[in-house]
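S.K.: Data file data-v8.csv (CSV, C-alpha atoms and all ligand atoms) is appended below.
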```
chain,number,residue,atom,x,y,z
A,19,MET,CA,0.0,-27.7,-2.7
A,20,ILE,CA,-1.6,-25.1,-0.5
A,21,ARG,CA,-2.1,-21.6,-2.2
A,22,SER,CA,-3.4,-18.4,-0.6
A,23,VAL,CA,-6.3,-17.4,-2.8
A,24,VAL,CA,-7.9,-14.0,-2.9
A,25,ARG,CA,-11.5,-14.5,-1.9
A,26,GLY,CA,-12.7,-10.9,-1.4
A,27,PHE,CA,-11.5,-7.3,-1.6
A,28,GLY,CA,-12.8,-4.0,-0.3
A,29,ALA,CA,-11.7,-0.4,0.5
A,30,ALA,CA,-12.7,2.7,2.4
A,31,LEU,CA,-11.9,6.4,2.1
A,32,PRO,CA,-12.5,9.3,4.4
A,33,LYS,CA,-15.4,11.6,3.5
A,34,GLN,CA,-13.3,14.7,2.8
A,35,VAL,CA,-11.7,15.3,-0.6
A,36,VAL,CA,-8.8,17.8,-0.7
A,37,THR,CA,-7.8,19.0,-4.2
A,38,ASN,CA,-4.6,20.5,-5.3
A,39,ARG,CA,-6.4,23.9,-5.5
A,40,ASP,CA,-7.4,23.5,-1.8
A,41,LEU,CA,-3.7,23.1,-1.0
A,42,GLU,CA,-2.8,26.2,-2.9
A,43,ALA,CA,-4.6,28.1,-0.1
A,44,ARG,CA,-2.5,26.4,2.5
A,45,VAL,CA,1.1,26.3,1.2
A,46,ASP,CA,3.1,27.9,-1.6
A,47,THR,CA,2.3,25.4,-4.3
A,48,THR,CA,0.3,25.1,-7.5
A,49,ASP,CA,-1.9,22.4,-9.1
A,50,GLU,CA,0.4,22.5,-12.1
A,51,TRP,CA,3.5,21.7,-10.0
A,52,ILE,CA,1.8,18.9,-8.1
A,53,VAL,CA,0.3,17.2,-11.2
A,54,GLN,CA,3.5,17.6,-13.3
A,55,ARG,CA,5.8,16.2,-10.6
A,56,THR,CA,3.6,13.5,-9.1
A,57,GLY,CA,0.4,12.9,-11.1
A,58,ILE,CA,-1.7,13.6,-7.9
A,59,ARG,CA,-4.9,15.7,-8.4
A,60,GLN,CA,-6.7,15.1,-5.1
A,61,ARG,CA,-6.5,13.1,-1.9
A,62,TYR,CA,-8.9,12.1,0.9
A,63,ILE,CA,-8.1,13.4,4.4
A,64,ALA,CA,-9.5,11.8,7.6
A,65,GLY,CA,-11.8,14.1,9.6
A,66,GLU,CA,-13.0,13.9,13.2
A,67,GLY,CA,-13.8,10.3,14.2
A,68,GLU,CA,-12.0,8.8,11.2
A,69,THR,CA,-8.9,6.9,12.1
A,70,THR,CA,-6.7,4.1,10.8
A,71,ALA,CA,-8.8,1.5,12.7
A,72,SER,CA,-12.2,3.0,11.6
A,73,LEU,CA,-11.1,3.1,7.9
A,74,GLY,CA,-9.5,-0.4,8.3
A,75,GLU,CA,-12.7,-1.8,9.8
A,76,ALA,CA,-14.8,-0.4,6.9
A,77,ALA,CA,-12.5,-1.9,4.3
A,78,ALA,CA,-12.5,-5.2,6.1
A,79,ARG,CA,-16.3,-5.3,6.2
A,80,ALA,CA,-16.4,-4.6,2.5
A,81,ALA,CA,-13.9,-7.4,1.7
A,82,LEU,CA,-15.8,-9.8,3.9
A,83,ASP,CA,-19.1,-8.9,2.2
A,84,ARG,CA,-17.7,-9.5,-1.2
A,85,ALA,CA,-16.3,-12.8,0.0
A,86,GLY,CA,-19.7,-13.8,1.4
A,87,LEU,CA,-18.0,-14.3,4.8
A,88,THR,CA,-18.4,-12.9,8.3
A,89,PRO,CA,-15.8,-12.1,11.0
A,90,ALA,CA,-16.5,-15.6,12.5
A,91,ASP,CA,-14.9,-17.1,9.4
A,92,ILE,CA,-11.5,-15.3,9.9
A,93,ASP,CA,-8.6,-16.8,11.8
A,94,VAL,CA,-6.1,-14.0,11.7
A,95,ILE,CA,-6.1,-10.2,11.0
A,96,ILE,CA,-2.9,-8.7,9.7
A,97,LEU,CA,-2.9,-4.9,9.4
A,98,ALA,CA,-0.1,-3.0,7.6
A,99,THR,CA,0.1,0.5,8.9
A,100,SER,CA,2.7,3.1,10.1
A,101,THR,CA,0.0,5.3,11.5
A,102,PRO,CA,-1.8,3.2,14.2
A,103,ASP,CA,-4.5,4.8,16.4
A,104,ASN,CA,-2.3,4.3,19.4
A,105,THR,CA,1.3,3.1,20.1
A,106,PHE,CA,-0.4,0.0,21.5
A,107,PRO,CA,-2.5,-2.0,21.4
A,108,ALA,CA,-2.0,-2.8,17.7
A,109,SER,CA,-4.7,-1.3,15.5
A,110,ALA,CA,-5.3,-4.8,14.1
A,111,VAL,CA,-6.6,-5.7,17.6
A,112,ASN,CA,-8.7,-2.6,17.6
A,113,ILE,CA,-10.2,-3.7,14.2
A,114,GLN,CA,-10.7,-7.2,15.6
A,115,ALA,CA,-12.8,-5.7,18.5
A,116,ARG,CA,-14.7,-3.4,16.1
A,117,LEU,CA,-15.6,-6.5,14.0
A,118,GLY,CA,-16.9,-8.2,17.2
A,119,MET,CA,-14.2,-10.9,17.0
A,120,HIS,CA,-13.0,-12.6,20.2
A,121,HIS,CA,-11.3,-15.5,18.6
A,122,GLY,CA,-8.1,-15.8,16.5
A,123,ALA,CA,-5.2,-13.4,16.5
A,124,ALA,CA,-4.5,-9.9,15.2
A,125,PHE,CA,-1.3,-8.0,14.8
A,126,ASP,CA,0.2,-5.0,12.9
A,127,ILE,CA,3.1,-5.0,10.4
A,128,GLN,CA,5.2,-1.9,9.9
A,129,ALA,CA,7.0,-1.6,6.7
A,130,VAL,CA,5.7,1.9,5.7
A,131,CYS,CA,4.7,2.0,2.0
A,132,SER,CA,5.7,-1.6,1.5
A,133,GLY,CA,3.5,-2.7,4.4
A,134,PHE,CA,0.8,-4.3,2.3
A,135,VAL,CA,3.3,-6.4,0.3
A,136,TYR,CA,4.9,-7.5,3.6
A,137,ALA,CA,1.5,-8.3,5.1
A,138,MET,CA,0.5,-10.4,2.0
A,139,ALA,CA,3.8,-12.3,2.2
A,140,THR,CA,3.3,-12.9,5.9
A,141,ALA,CA,-0.3,-14.1,5.5
A,142,ASP,CA,0.8,-16.4,2.6
A,143,ALA,CA,3.4,-18.0,4.9
A,144,TYR,CA,0.8,-18.5,7.6
A,145,ILE,CA,-1.6,-20.1,5.2
A,146,ARG,CA,0.9,-22.3,3.5
A,147,GLY,CA,2.4,-23.3,6.9
A,148,GLY,CA,-1.0,-24.4,8.1
A,149,LEU,CA,-1.2,-21.8,10.8
A,150,ALA,CA,-4.4,-20.2,9.5
A,151,ARG,CA,-7.1,-20.9,6.9
A,152,ARG,CA,-8.5,-17.5,6.3
A,153,ILE,CA,-6.7,-14.2,6.9
A,154,LEU,CA,-7.9,-10.7,6.6
A,155,VAL,CA,-5.1,-8.6,5.2
A,156,ILE,CA,-5.6,-4.9,5.6
A,157,GLY,CA,-3.6,-1.8,4.6
A,158,ALA,CA,-4.9,1.3,6.4
A,159,GLU,CA,-3.2,4.7,7.0
A,160,THR,CA,-3.9,8.3,8.2
A,161,PHE,CA,-0.6,9.9,7.0
A,162,SER,CA,-2.4,13.3,7.3
A,163,ARG,CA,-1.8,13.0,11.0
A,164,ILE,CA,2.0,12.8,10.7
A,165,ILE,CA,2.4,15.3,7.9
A,166,ASP,CA,4.0,18.7,8.6
A,167,TRP,CA,1.3,20.8,7.0
A,168,ASN,CA,3.7,23.7,6.6
A,169,ASP,CA,6.2,21.6,4.5
A,170,ARG,CA,5.1,22.0,0.9
A,171,THR,CA,7.7,19.4,-0.2
A,172,THR,CA,5.8,16.6,1.6
A,173,CYS,CA,2.2,17.7,2.5
A,174,VAL,CA,1.0,17.7,-1.1
A,175,LEU,CA,2.0,14.0,-1.6
A,176,PHE,CA,0.0,12.0,0.9
A,177,GLY,CA,-3.6,11.0,1.6
A,178,ASP,CA,-5.6,8.7,3.9
A,179,GLY,CA,-7.5,5.5,3.3
A,180,ALA,CA,-7.7,1.7,3.6
A,181,GLY,CA,-8.0,-1.4,1.6
A,182,ALA,CA,-8.4,-5.1,2.5
A,183,VAL,CA,-8.4,-8.6,1.0
A,184,VAL,CA,-9.5,-11.9,2.4
A,185,LEU,CA,-7.0,-14.7,1.6
A,186,GLU,CA,-8.2,-18.3,1.9
A,187,ALA,CA,-6.3,-21.6,1.7
A,188,GLY,CA,-6.9,-23.3,-1.6
A,189,GLU,CA,-5.4,-26.3,-3.4
A,190,GLY,CA,-3.1,-26.0,-6.4
A,191,ASP,CA,-0.9,-28.2,-8.6
A,192,GLY,CA,2.2,-26.1,-7.9
A,193,THR,CA,2.2,-24.6,-11.3
A,194,ILE,CA,1.8,-20.9,-12.3
A,195,ALA,CA,-1.8,-21.7,-13.5
A,196,ASP,CA,-2.8,-22.2,-9.8
A,197,ARG,CA,-5.0,-19.5,-8.3
A,198,GLY,CA,-3.4,-17.7,-5.4
A,199,ILE,CA,-0.1,-16.1,-4.4
A,200,LEU,CA,2.6,-17.7,-6.5
A,201,THR,CA,5.7,-16.0,-5.0
A,202,ALA,CA,6.7,-13.1,-2.7
A,203,HIS,CA,10.0,-11.3,-2.3
A,204,LEU,CA,10.8,-8.9,0.5
A,205,ARG,CA,13.8,-6.6,1.0
A,206,SER,CA,15.0,-3.9,3.4
A,207,ASP,CA,18.1,-1.8,4.0
A,208,GLY,CA,18.2,0.4,7.1
A,209,ALA,CA,21.2,2.4,5.8
A,210,HIS,CA,18.7,4.6,3.9
A,211,ARG,CA,16.8,5.7,7.1
A,212,GLU,CA,17.6,9.5,6.8
A,213,LYS,CA,16.0,9.7,3.3
A,214,LEU,CA,12.5,9.0,4.6
A,215,TYR,CA,11.6,8.8,8.3
A,216,VAL,CA,9.4,10.2,11.1
A,217,ASP,CA,11.3,12.5,13.4
A,218,GLY,CA,9.6,11.3,16.6
A,219,GLY,CA,8.4,8.1,18.3
A,220,PRO,CA,7.7,6.7,21.8
A,221,SER,CA,11.2,5.6,22.6
A,222,SER,CA,13.2,8.5,21.0
A,223,THR,CA,11.3,11.7,21.6
A,224,GLY,CA,8.1,10.6,23.4
A,225,THR,CA,6.2,12.4,20.6
A,226,VAL,CA,4.5,11.2,17.4
A,227,GLY,CA,6.7,13.3,15.1
A,228,HIS,CA,6.4,14.4,11.5
A,229,LEU,CA,7.3,12.7,8.2
A,230,ARG,CA,10.6,13.9,6.7
A,231,MET,CA,11.8,13.1,3.2
A,232,GLU,CA,14.6,13.8,0.8
A,233,GLY,CA,12.3,13.3,-2.2
A,234,ARG,CA,15.0,13.4,-4.8
A,235,GLU,CA,17.0,10.7,-3.0
A,236,VAL,CA,14.0,8.5,-2.7
A,237,PHE,CA,13.2,8.9,-6.3
A,238,LYS,CA,16.8,8.0,-7.3
A,239,HIS,CA,16.6,4.6,-5.6
A,240,ALA,CA,12.9,3.7,-6.3
A,241,VAL,CA,13.0,2.3,-9.8
A,242,GLY,CA,16.1,0.2,-9.3
A,243,MET,CA,14.7,-1.4,-6.1
A,244,ILE,CA,11.3,-2.1,-7.6
A,245,THR,CA,12.7,-3.7,-10.7
A,246,ASP,CA,15.0,-5.8,-8.6
A,247,VAL,CA,12.2,-7.5,-6.6
A,248,ILE,CA,10.1,-7.9,-9.7
A,249,GLU,CA,12.9,-9.6,-11.6
A,250,GLN,CA,13.2,-12.0,-8.6
A,251,ALA,CA,9.5,-12.8,-8.9
A,252,PHE,CA,9.9,-13.5,-12.7
A,253,GLU,CA,12.9,-15.7,-12.0
A,254,ALA,CA,11.2,-17.7,-9.2
A,255,THR,CA,8.2,-18.5,-11.4
A,256,GLY,CA,9.7,-18.6,-14.9
A,257,THR,CA,7.4,-15.8,-16.0
A,258,THR,CA,8.2,-12.6,-17.9
A,259,ALA,CA,6.7,-9.2,-18.3
A,260,ASP,CA,4.6,-10.5,-21.2
A,261,ASP,CA,2.8,-12.9,-18.9
A,262,ILE,CA,1.6,-10.1,-16.6
A,263,ASP,CA,-2.0,-9.0,-17.0
A,264,TRP,CA,-2.0,-6.2,-14.4
A,265,LEU,CA,0.8,-4.4,-12.6
A,266,VAL,CA,-0.6,-2.9,-9.4
A,267,PRO,CA,2.1,-0.7,-8.0
A,268,HIS,CA,2.4,1.2,-4.7
A,269,GLN,CA,1.0,4.6,-5.7
A,270,ALA,CA,3.6,7.1,-4.6
A,271,ASN,CA,4.3,9.0,-7.7
A,272,ARG,CA,3.3,8.7,-11.4
A,273,ARG,CA,6.8,9.2,-12.6
A,274,ILE,CA,8.2,6.3,-10.4
A,275,ILE,CA,5.3,4.0,-11.6
A,276,ASP,CA,5.8,4.9,-15.3
A,277,GLY,CA,9.6,4.6,-15.0
A,278,SER,CA,9.4,1.1,-13.4
A,279,ALA,CA,6.8,-0.2,-15.9
A,280,LYS,CA,8.9,1.1,-18.8
A,281,LYS,CA,12.1,-0.5,-17.5
A,282,LEU,CA,10.3,-3.8,-17.0
A,283,GLY,CA,8.6,-3.7,-20.4
A,284,ILE,CA,5.1,-3.6,-19.0
A,285,PRO,CA,2.8,-1.4,-21.3
A,286,PRO,CA,0.9,1.5,-19.7
A,287,GLU,CA,-2.5,-0.1,-20.4
A,288,LYS,CA,-1.6,-2.9,-18.0
A,289,VAL,CA,-0.7,-0.6,-15.1
A,290,VAL,CA,-3.4,0.3,-12.5
A,291,ILE,CA,-3.1,4.0,-11.5
A,292,THR,CA,-5.0,5.6,-8.6
A,293,VAL,CA,-2.4,8.1,-7.4
A,294,ASP,CA,-4.3,10.8,-9.2
A,295,LEU,CA,-7.4,10.2,-7.0
A,296,HIS,CA,-5.9,9.0,-3.7
A,297,GLY,CA,-2.4,10.5,-3.5
A,298,ASN,CA,0.2,8.4,-1.7
A,299,THR,CA,-1.7,6.4,1.0
A,300,SER,CA,1.3,4.3,2.0
A,301,ALA,CA,0.3,0.8,3.0
A,302,ALA,CA,-3.3,1.4,1.8
A,303,SER,CA,-2.4,2.3,-1.8
A,304,ILE,CA,-2.1,-1.2,-3.3
A,305,PRO,CA,-5.3,-2.6,-1.8
A,306,LEU,CA,-7.2,0.6,-2.7
A,307,ALA,CA,-5.9,0.2,-6.3
A,308,LEU,CA,-6.7,-3.6,-6.3
A,309,ASN,CA,-10.2,-2.8,-5.1
A,310,GLN,CA,-10.7,-0.2,-7.9
A,311,ALA,CA,-9.5,-2.4,-10.7
A,312,ALA,CA,-11.2,-5.6,-9.5
A,313,SER,CA,-14.5,-3.8,-8.9
A,314,ASP,CA,-14.6,-2.1,-12.3
A,315,GLY,CA,-13.9,-5.5,-14.0
A,316,ARG,CA,-10.4,-4.9,-15.2
A,317,ILE,CA,-8.8,-7.5,-12.9
A,318,LYS,CA,-10.6,-10.8,-13.6
A,319,GLN,CA,-10.3,-14.3,-12.1
A,320,GLY,CA,-7.3,-16.1,-13.6
A,321,ASP,CA,-5.4,-12.8,-14.3
A,322,LEU,CA,-1.7,-12.7,-13.3
A,323,VAL,CA,-1.4,-9.7,-11.0
A,324,LEU,CA,1.9,-8.2,-9.9
A,325,LEU,CA,2.1,-6.1,-6.8
A,326,GLU,CA,5.2,-4.0,-5.9
A,327,ALA,CA,6.1,-1.4,-3.4
A,328,MET,CA,9.0,0.6,-2.1
A,329,GLY,CA,9.0,2.9,1.0
A,330,GLY,CA,10.6,4.2,4.2
A,331,GLY,CA,13.4,2.1,5.7
A,332,PHE,CA,14.0,1.5,2.8
A,333,THR,CA,11.8,-1.5,2.4
A,334,TRP,CA,10.7,-2.9,-0.9
A,335,GLY,CA,9.0,-6.0,-2.2
A,336,SER,CA,6.8,-7.8,-4.8
A,337,VAL,CA,4.0,-10.3,-4.7
A,338,LEU,CA,2.8,-12.3,-7.8
A,339,ILE,CA,-0.8,-13.5,-7.6
A,340,ARG,CA,-3.0,-15.6,-9.9
A,341,TRP,CA,-6.3,-13.7,-9.2
B,401,LIG,N1,5.1,23.2,-4.8
B,401,LIG,C1,5.8,24.0,-5.5
B,401,LIG,N2,7.2,23.9,-5.5
B,401,LIG,C2,7.7,22.9,-4.7
B,401,LIG,C3,6.9,22.0,-4.0
B,401,LIG,C4,5.6,22.2,-4.0
B,401,LIG,N3,4.7,21.4,-3.3
B,401,LIG,N4,7.8,21.2,-3.3
B,401,LIG,C5,9.0,21.5,-3.7
B,401,LIG,N5,9.0,22.5,-4.5
B,401,LIG,C6,10.1,23.2,-5.1
B,401,LIG,C7,11.4,23.0,-4.4
B,401,LIG,O1,11.5,23.9,-3.3
B,401,LIG,C8,12.4,23.2,-5.5
B,401,LIG,O2,12.6,24.6,-5.6
B,401,LIG,P1,14.0,25.2,-5.9
B,401,LIG,O3,14.4,24.6,-7.3
B,401,LIG,O4,13.8,26.7,-6.0
B,401,LIG,O5,14.9,24.8,-4.8
B,401,LIG,C9,11.8,22.7,-6.7
B,401,LIG,O6,10.4,22.6,-6.4
B,401,LIG,C10,12.2,21.3,-7.1
B,401,LIG,O7,12.3,20.5,-6.0
B,401,LIG,P2,12.7,19.0,-6.0
B,401,LIG,O8,12.6,18.4,-4.7
B,401,LIG,O9,14.1,18.9,-6.7
B,401,LIG,O10,11.6,18.4,-7.0
B,401,LIG,P3,11.5,17.0,-7.7
B,401,LIG,O11,11.4,17.1,-9.1
B,401,LIG,O12,12.5,16.0,-7.1
B,401,LIG,O13,10.1,16.5,-7.2
B,401,LIG,C11,9.2,15.0,-5.6
B,401,LIG,C12,9.8,16.4,-5.8
B,401,LIG,C13,7.8,15.1,-6.3
B,401,LIG,C14,9.0,14.8,-4.1
B,401,LIG,C15,10.0,13.9,-6.2
B,401,LIG,O14,11.4,14.0,-5.7
B,401,LIG,C16,9.5,12.6,-5.8
B,401,LIG,O15,8.5,12.2,-6.3
B,401,LIG,N6,10.3,11.8,-5.0
B,401,LIG,C17,9.9,10.5,-4.6
B,401,LIG,C18,9.1,10.8,-3.4
B,401,LIG,C19,8.2,9.6,-3.1
B,401,LIG,O16,7.7,9.0,-4.0
B,401,LIG,N7,8.1,9.3,-1.8
B,401,LIG,C20,7.3,8.3,-1.4
B,401,LIG,C21,8.0,7.0,-1.7
B,401,LIG,S1,8.1,6.0,-0.3
B,401,LIG,C22,6.6,6.2,0.4
B,401,LIG,O17,5.6,6.0,-0.4
B,401,LIG,C23,6.5,6.6,1.8
```
Rewrite the structure from the file as structure tokens, please.
Ligand code: ACO
M.R.:
Amino acid sequence: MIRSVVRGFGAALPKQVVTNRDLEARVDTTDEWIVQRTGIRQRYIAGEGETTASLGEAAARAALDRAGLTPADIDVIILATSTPDNTFPASAVNIQARLGMHHGAAFDIQAVCSGFVYAMATADAYIRGGLARRILVIGAETFSRIIDWNDRTTCVLFGDGAGAVVLEAGEGDGTIADRGILTAHLRSDGAHREKLYVDGGPSSTGTVGHLRMEGREVFKHAVGMITDVIEQAFEATGTTADDIDWLVPHQANRRIIDGSAKKLGIPPEKVVITVDLHGNTSAASIPLALNQAASDGRIKQGDLVLLEAMGGGFTWGSVLIRW
């Protein structure tokens, strides 16, 4: 049985760190309010010359290096982003060019904060279907460019960055001991559009627009949606919370992460948290967190790693990986 095995991982962050104290000078907020409500202490914000594609390229190069591969070894690039450099071409194609690749295929996936989970599920289907052997899966965002910096209810929450993994076709016995992606579950429901959306776009206003969010409404739905797709992953594989070595959630808000882990019965010491350092980097948050926990030796080969995300749309999903 073909499995999509993680061969390498990497990440990239903009140069500039913006702390909560820095934001106090910009909008009517406090470090205490932000930390207490979200767990965020700082975020990285893209400066001149730093874009979704440049950060994505840097993360991709780091993942390739760790895998001991070069762009020539890659068949497909899938980029999860809601903040592409341009409306078109896809920023994945931009990254392909930056990597000097003229072969293969590259495309973007847009599922907001669930984008990386959607991209991993898509890459897994390509690999298991025999359409590709090695796929670069990237999550890269520059949400700072679609934030209304006068809106204190949203501008304190988001940051920029990128993360990437290389998935490679491997052989397994079809058991949960196999290395690679064991199962993926995706959901969406467009009825929730008004709770989290961007108020512009090429076909509606001809502008880029700004992120708008009813934070309390998002919060109300998040834990239930996340636990729903995780329970689907458990059911599909016959696993339970006790089998999970690491939960690597989308990093939107400390309270949502803690609430989901508690409801599932996953202890805090098995949860990877980076929201304090990166803020909410949307589709980049999971690969950034994966990079951190795999680089510092927490996530080891053979560990059972559960990814989950929920975001605008709403979209939500889970991916279970034997690392
Ligand atoms: N600083 C100080 N005060 C603030 C700020 C701020 N930055 N923002 C809002 N407030 C005030 C509000 O004006 C309100 O004041 P009032 O009581 O005088 O009206 C008060 O704080 C409470 O506001 P709430 O919105 O009720 O605060 P809440 O406890 O719900 O926390 C938060 C807000 C952090 C946004 C929370 O609702 C949340 O985390 N929601 C989920 C959002 C999220 O995770 N989104 C991303 C998920 S999807 C994705 O990743 C794209």
S.K.: Would you name the residues within 7 Å of ligand LIG 401 (chain B), counting all atoms listed in the file, and put them as a list in words?
M.R.: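 Result of the 7 Å neighbour search around ligand LIG 401 (chain B): Asp46, Thr47, Thr48, Trp51, Ile52, Arg55, Thr56, Val130, Cys131, Arg170, Thr171, Thr172, Val174, Gly233, Arg234, Val236, Phe237, Ala270, Asn271, Ile274, Asn298, Ser300, Met328, Gly329 and Gly330 of chain A.
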S.K.: For the point (5.0, 6.0, 9.4) in the file's frame, write as a list in words all residues with an atom no more than 9 Å away, counting all atoms listed in the file.
M.R.: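 All residues meeting the 9 Å criterion around (5.0, 6.0, 9.4) are Thr99, Ser100, Thr101, Pro102, Gln128, Ala129, Val130, Cys131, Glu159, Phe161, Ile164, Tyr215, Val216, His228, Leu229, Ser300 and Gly330 of chain A.
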S.K.: Identify, on the basis of only C-alpha atoms, every residue whose closest approach to Ser278 in chain A does not exceed 9 Å; exclude the query and any residue fewer than 2 positions from it along the same chain; express the result as an mmCIF file with C-alpha atoms, in the frame of the given file.
M.R.:
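File out16.cif, as written:
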```cif
data_model
loop_
_atom_site.group_PDB
_atom_site.id
_atom_site.type_symbol
_atom_site.label_atom_id
_atom_site.label_comp_id
_atom_site.auth_asym_id
_atom_site.auth_seq_id
_atom_site.Cartn_x
_atom_site.Cartn_y
_atom_site.Cartn_z
ATOM 1 C CA ALA A 240 12.900 3.700 -6.300
ATOM 2 C CA VAL A 241 13.000 2.300 -9.800
ATOM 3 C CA GLY A 242 16.100 0.200 -9.300
ATOM 4 C CA ILE A 244 11.300 -2.100 -7.600
ATOM 5 C CA THR A 245 12.700 -3.700 -10.700
ATOM 6 C CA ARG A 273 6.800 9.200 -12.600
ATOM 7 C CA ILE A 274 8.200 6.300 -10.400
ATOM 8 C CA ILE A 275 5.300 4.000 -11.600
ATOM 9 C CA ASP A 276 5.800 4.900 -15.300
ATOM 10 C CA LYS A 280 8.900 1.100 -18.800
ATOM 11 C CA LYS A 281 12.100 -0.500 -17.500
ATOM 12 C CA LEU A 282 10.300 -3.800 -17.000
ATOM 13 C CA GLY A 283 8.600 -3.700 -20.400
ATOM 14 C CA ILE A 284 5.100 -3.600 -19.000
#
```
S.K.: Restricting the calculation to all atoms listed in the file, which member of A:Val290, A:Gln60, A:Leu97, A:Gly118 is positioned closest to Val135 in chain A?
M.R.: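 Looking at the shortest contact to Val135 in chain A, the residue is A:Leu97.
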S.K.: Check the smallest atom-to-atom distance from each of A:Arg39, A:Arg84, A:Arg61, A:Lys33 to Asp294 in chain A using all atoms listed in the file, then report the winner.
M.R.: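 The answer is A:Arg61, which sits nearest to Asp294 in chain A.
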S.K.: Which residue gives the smallest distance to Ile199 in chain A among A:Ala180, A:Leu324, A:Leu87, A:Ala80, with only C-alpha atoms counted?
M.R.: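 When distances to Ile199 in chain A are compared using only C-alpha atoms, the smallest one comes from A:Leu324.
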S.K.: Can I get the residues of range 239-273 of chain A within 8 Å of range 332-335 of chain A, each with the closest pair of atoms and their distance in Å to one decimal, using all atoms listed in the file, sorted chain first then ascending number, as CSV?
M.R.:
```
residue,atom,partner,partner_atom,distance
A:Met243,CA,A:Trp334,CA,6.7
A:Ile244,CA,A:Trp334,CA,6.8
A:Val247,CA,A:Gly335,CA,5.6
A:Ile248,CA,A:Gly335,CA,7.8
```
S.K.: Dump as a list in words all residues having an atom at most 7 Å from (-0.1, 1.1, -2.0), computed in the file's coordinates with all atoms listed in the file.
M.R.: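 Final list of nearby residues, as requested, is Cys131, Phe134, Pro267, His268, Gln269, Thr299, Ser300, Ala301, Ala302, Ser303, Ile304, Pro305 and Ala327 of chain A.
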S.K.: Which residue gives the smallest distance to Ala71 in chain A among A:Ile194, A:Ile156, A:Ala150, A:Val323, with all atoms listed in the file counted?
M.R.: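 That would be A:Ile156, the residue with the smallest distance to Ala71 in chain A.
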S.K.: Which of these, A:Asp83, A:Glu326, A:Asp196, A:Glu50, has the shortest distance to Thr255 in chain A once you count all atoms listed in the file?
M.R.: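 Nearest to Thr255 in chain A: A:Asp196.
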S.K.: Will you model N, CA and C atoms for range 300-311 of chain A and pass it back as a compact mmCIF listing (two decimals), keeping the file's coordinate frame?
M.R.:
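Once everything was written out, this is result-v1.txt:
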```txt
# COMPACT_ATOMS: atom_id res chain seq x y z
N SER A 300 0.38 5.26 1.33
CA SER A 300 1.30 4.30 2.00
C SER A 300 0.81 2.89 1.89
N ALA A 301 0.70 2.19 3.00
CA ALA A 301 0.30 0.80 3.00
C ALA A 301 -1.08 0.51 2.44
N ALA A 302 -1.89 1.56 2.34
CA ALA A 302 -3.30 1.40 1.80
C ALA A 302 -3.33 1.47 0.31
N SER A 303 -2.27 1.94 -0.34
CA SER A 303 -2.40 2.30 -1.80
C SER A 303 -2.64 1.07 -2.65
N ILE A 304 -1.94 -0.03 -2.39
CA ILE A 304 -2.10 -1.20 -3.30
C ILE A 304 -3.52 -1.82 -3.08
N PRO A 305 -3.99 -2.07 -1.85
CA PRO A 305 -5.30 -2.60 -1.80
C PRO A 305 -6.43 -1.68 -2.26
N LEU A 306 -6.20 -0.36 -2.14
CA LEU A 306 -7.20 0.60 -2.70
C LEU A 306 -7.18 0.44 -4.24
N ALA A 307 -6.00 0.29 -4.84
CA ALA A 307 -5.90 0.20 -6.30
C ALA A 307 -6.47 -1.19 -6.75
N LEU A 308 -6.18 -2.24 -5.98
CA LEU A 308 -6.70 -3.60 -6.30
C LEU A 308 -8.25 -3.52 -6.28
N ASN A 309 -8.79 -2.88 -5.25
CA ASN A 309 -10.20 -2.80 -5.10
C ASN A 309 -10.84 -2.08 -6.33
N GLN A 310 -10.20 -0.99 -6.74
CA GLN A 310 -10.70 -0.20 -7.90
C GLN A 310 -10.73 -1.06 -9.15
N ALA A 311 -9.58 -1.70 -9.45
CA ALA A 311 -9.50 -2.40 -10.70
C ALA A 311 -10.22 -3.73 -10.73
```
